[in-house]
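Read the structure below first, then the notes.
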Amino acid sequence: MKTHLKTNFPPHQPNPANNSTTRFAVVAFLTLSSAIALPSCATSSPSGSTNGFASSRSAEKQIAASAPQSAPAPVSAPGGAASKVAADTAKKPAAETPATAPQLIKKAELSVVVKSIDSSTKSVTEIVKKQQGDILAFQNQKPPDSSVRQTATMQIRVPQEKLETTLNALTKLGSVENRGLTAEDVSDQLVDSEARLRNLRKSEEVVLKIMERSGSVGDVLKASQQLSTIRESIERIDAQLKSLRNQVAYSTISLTLEAAVSAQQEPEPSLGLRVQETWGQATHSVGELTLGLFALGIWLLAYSPYFVVIGAATYGIIRFKKQHSVPKVQEPKPPATN
């Protein structure tokens, strides 16, 4: 059985949608024709079946060849759109992860010349209290020499975000002689300590699971020792982390307050007052000496038995040495007679 199909397609179709519809209709028609023709041909002869199948395949090839190459396939549109979207996505730069702020330990030094140390100290206390800080140390000592200016030193701790505000407020107390700021970056130390702490906590969980599974007493003891060592390291690193975070959160200020003029010299006392003070010091010294001699006599009286024994022993030793050290007197020999 032979099937002859003639398809006439225009050489060029301006509308791609109509072309696709026509192609789909032709393919459906060929499929139905093949489905109807193949069973009837198969009943006649095997050769007819082969020829019918070949003719249908050749007809499909002719349709595919005669179809315009420029017509887009219905399935290609979504794939092309997806590839275009993927290409556009690849062209877009990847969003950069926001960089974390550096963890800094800030320390400031400030030296201010003020008119009055006492009033300035009160002002500093109010400023620190307003900035939610603390005064860690305070020292105020008047110099013994009137030519030296009076100074006061203070150690202040304030939140890091309020450091600049506090420094600006302190500079208004007087004339600034020295102002400095140092910062130490501890970001790497914090990251390293946090990573070590996480690893140690994971090791702690592993050791705890081993202790639950193991039945031997020796294994349990070894795991317990290992667990104790891990927990000790965890506590140490945790303390270091807390200390670093505290230093980052709070900044320290070393404040020095200096008086504008040296301390005033006290007026010298009058001559009569000086004589009176000297006489009082002399009588006080005589009384102290008398009491000292009286106390010395009591001490000597208390130790007199020992002095008697020591003196008697010394006298006996000296006398004994004198008796044994006296040389014997030799009698003179008579002169020889001739």
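Chain identifiers are assigned as A, B, and so on, following the order in which chains appear in the structure tokens; residues are numbered from 1 within each chain, and ligands are numbered from 1 in order of appearance.
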Exercise for review: Assign secondary structure with DSSP using the backbone only, and return the residues of segment 153-212 of chain A in strand (DSSP E or B) as number ranges by chain.
Suggested key: A: 153-159, 175-185
Go ahead and write the residues just picked, N, CA and C atoms, as an mmCIF file, in the first residue's frame.
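Dumped everything to again-v2.cif:
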```
data_model
loop_
_atom_site.group_PDB
_atom_site.id
_atom_site.type_symbol
_atom_site.label_atom_id
_atom_site.label_comp_id
_atom_site.auth_asym_id
_atom_site.auth_seq_id
_atom_site.Cartn_x
_atom_site.Cartn_y
_atom_site.Cartn_z
ATOM 1 N N THR A 153 45.159 63.723 89.351
ATOM 2 C CA THR A 153 45.039 62.744 88.273
ATOM 3 C C THR A 153 43.787 61.908 88.493
ATOM 4 N N MET A 154 43.121 61.564 87.377
ATOM 5 C CA MET A 154 41.887 60.791 87.422
ATOM 6 C C MET A 154 41.901 59.759 86.299
ATOM 7 N N GLN A 155 41.376 58.581 86.605
ATOM 8 C CA GLN A 155 41.207 57.514 85.611
ATOM 9 C C GLN A 155 39.707 57.344 85.389
ATOM 10 N N ILE A 156 39.266 57.594 84.153
ATOM 11 C CA ILE A 156 37.840 57.623 83.839
ATOM 12 C C ILE A 156 37.535 56.545 82.802
ATOM 13 N N ARG A 157 36.365 55.920 82.943
ATOM 14 C CA ARG A 157 35.893 54.934 81.968
ATOM 15 C C ARG A 157 34.499 55.335 81.488
ATOM 16 N N VAL A 158 34.334 55.432 80.150
ATOM 17 C CA VAL A 158 33.060 55.830 79.553
ATOM 18 C C VAL A 158 32.760 54.892 78.388
ATOM 19 N N PRO A 159 31.494 54.775 77.975
ATOM 20 C CA PRO A 159 31.174 53.997 76.774
ATOM 21 C C PRO A 159 31.907 54.541 75.553
ATOM 22 N N SER A 175 42.494 75.234 79.872
ATOM 23 C CA SER A 175 43.383 75.259 78.713
ATOM 24 C C SER A 175 44.016 73.878 78.537
ATOM 25 N N VAL A 176 43.880 73.312 77.347
ATOM 26 C CA VAL A 176 44.396 71.963 77.071
ATOM 27 C C VAL A 176 45.889 72.051 76.783
ATOM 28 N N GLU A 177 46.669 71.292 77.521
ATOM 29 C CA GLU A 177 48.116 71.209 77.282
ATOM 30 C C GLU A 177 48.492 69.991 76.463
ATOM 31 N N ASN A 178 47.774 68.888 76.647
ATOM 32 C CA ASN A 178 48.114 67.652 75.940
ATOM 33 C C ASN A 178 46.838 66.856 75.731
ATOM 34 N N ARG A 179 46.692 66.310 74.509
ATOM 35 C CA ARG A 179 45.536 65.467 74.194
ATOM 36 C C ARG A 179 45.980 64.387 73.221
ATOM 37 N N GLY A 180 45.709 63.149 73.561
ATOM 38 C CA GLY A 180 46.132 62.035 72.713
ATOM 39 C C GLY A 180 45.115 60.914 72.752
ATOM 40 N N LEU A 181 45.137 60.094 71.691
ATOM 41 C CA LEU A 181 44.206 58.969 71.574
ATOM 42 C C LEU A 181 44.919 57.812 70.890
ATOM 43 N N THR A 182 44.821 56.641 71.474
ATOM 44 C CA THR A 182 45.391 55.422 70.901
ATOM 45 C C THR A 182 44.278 54.390 70.764
ATOM 46 N N ALA A 183 44.384 53.562 69.705
ATOM 47 C CA ALA A 183 43.384 52.523 69.439
ATOM 48 C C ALA A 183 44.100 51.233 69.050
ATOM 49 N N GLU A 184 43.627 50.138 69.576
ATOM 50 C CA GLU A 184 44.188 48.815 69.287
ATOM 51 C C GLU A 184 43.088 47.939 68.688
ATOM 52 N N ASP A 185 43.365 47.394 67.499
ATOM 53 C CA ASP A 185 42.385 46.557 66.809
ATOM 54 C C ASP A 185 42.506 45.113 67.316
#
```
Practice item. Considering only C-alpha atoms, return as a ChimeraX atom specification whatever protein or nucleic-acid residues lie within 12 Å of segment 109-114 of chain A, sequence-local ones (same chain, fewer than 3 positions apart) excluded. Key: /A:106,117-121,123-124,149-157,163-164,166-183,251-262
Practice item. Rounded to one decimal place, report the atom CA of Asp238 of chain A-atom CA of Arg196 of chain A distance in Å. Key: 9.9 Å
Check your understanding: Skipping near chain neighbours, those fewer than 6 positions away, what residues fall within 12 Å of Ala195 of chain A using only C-alpha atoms, listed as an MDAnalysis selection string?
Key -> chainID A and resid 188:189 201:202 234 237:238 241
Writing out the chosen residues with N, CA and C atoms as a CSV table (one decimal), in the first residue's frame:
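Generated output (part-v5.csv):
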```csv
chain,number,residue,atom,x,y,z
A,188,ASP,N,40.8,40.4,65.1
A,188,ASP,CA,41.3,39.0,64.8
A,188,ASP,C,41.3,38.2,66.1
A,189,GLN,N,41.7,38.8,67.2
A,189,GLN,CA,41.7,38.1,68.5
A,189,GLN,C,40.3,37.6,68.9
A,201,ARG,N,33.5,23.7,72.5
A,201,ARG,CA,32.1,23.3,72.9
A,201,ARG,C,31.7,22.0,72.1
A,202,LYS,N,32.0,22.0,70.8
A,202,LYS,CA,31.8,20.7,70.0
A,202,LYS,C,32.5,19.5,70.6
A,234,ILE,N,37.6,26.2,78.0
A,234,ILE,CA,36.4,27.0,77.7
A,234,ILE,C,36.3,28.1,78.6
A,237,ILE,N,39.1,30.8,77.8
A,237,ILE,CA,38.8,31.6,76.6
A,237,ILE,C,37.6,32.5,76.8
A,238,ASP,N,36.6,32.0,77.5
A,238,ASP,CA,35.4,32.8,77.7
A,238,ASP,C,35.7,34.0,78.5
A,241,LEU,N,37.4,36.5,76.2
A,241,LEU,CA,36.4,37.1,75.4
A,241,LEU,C,35.7,38.2,76.1
```
Check your understanding: Which one is closest to Ser203 of chain A: A:Ala137, A:Val186, A:Ala223, A:Ile230? Count only C-alpha atoms.
Key -> A:Ile230
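Between atom CA of Tyr306 of chain A and atom CA of Gly292 of chain A the separation is 21.8 Å.
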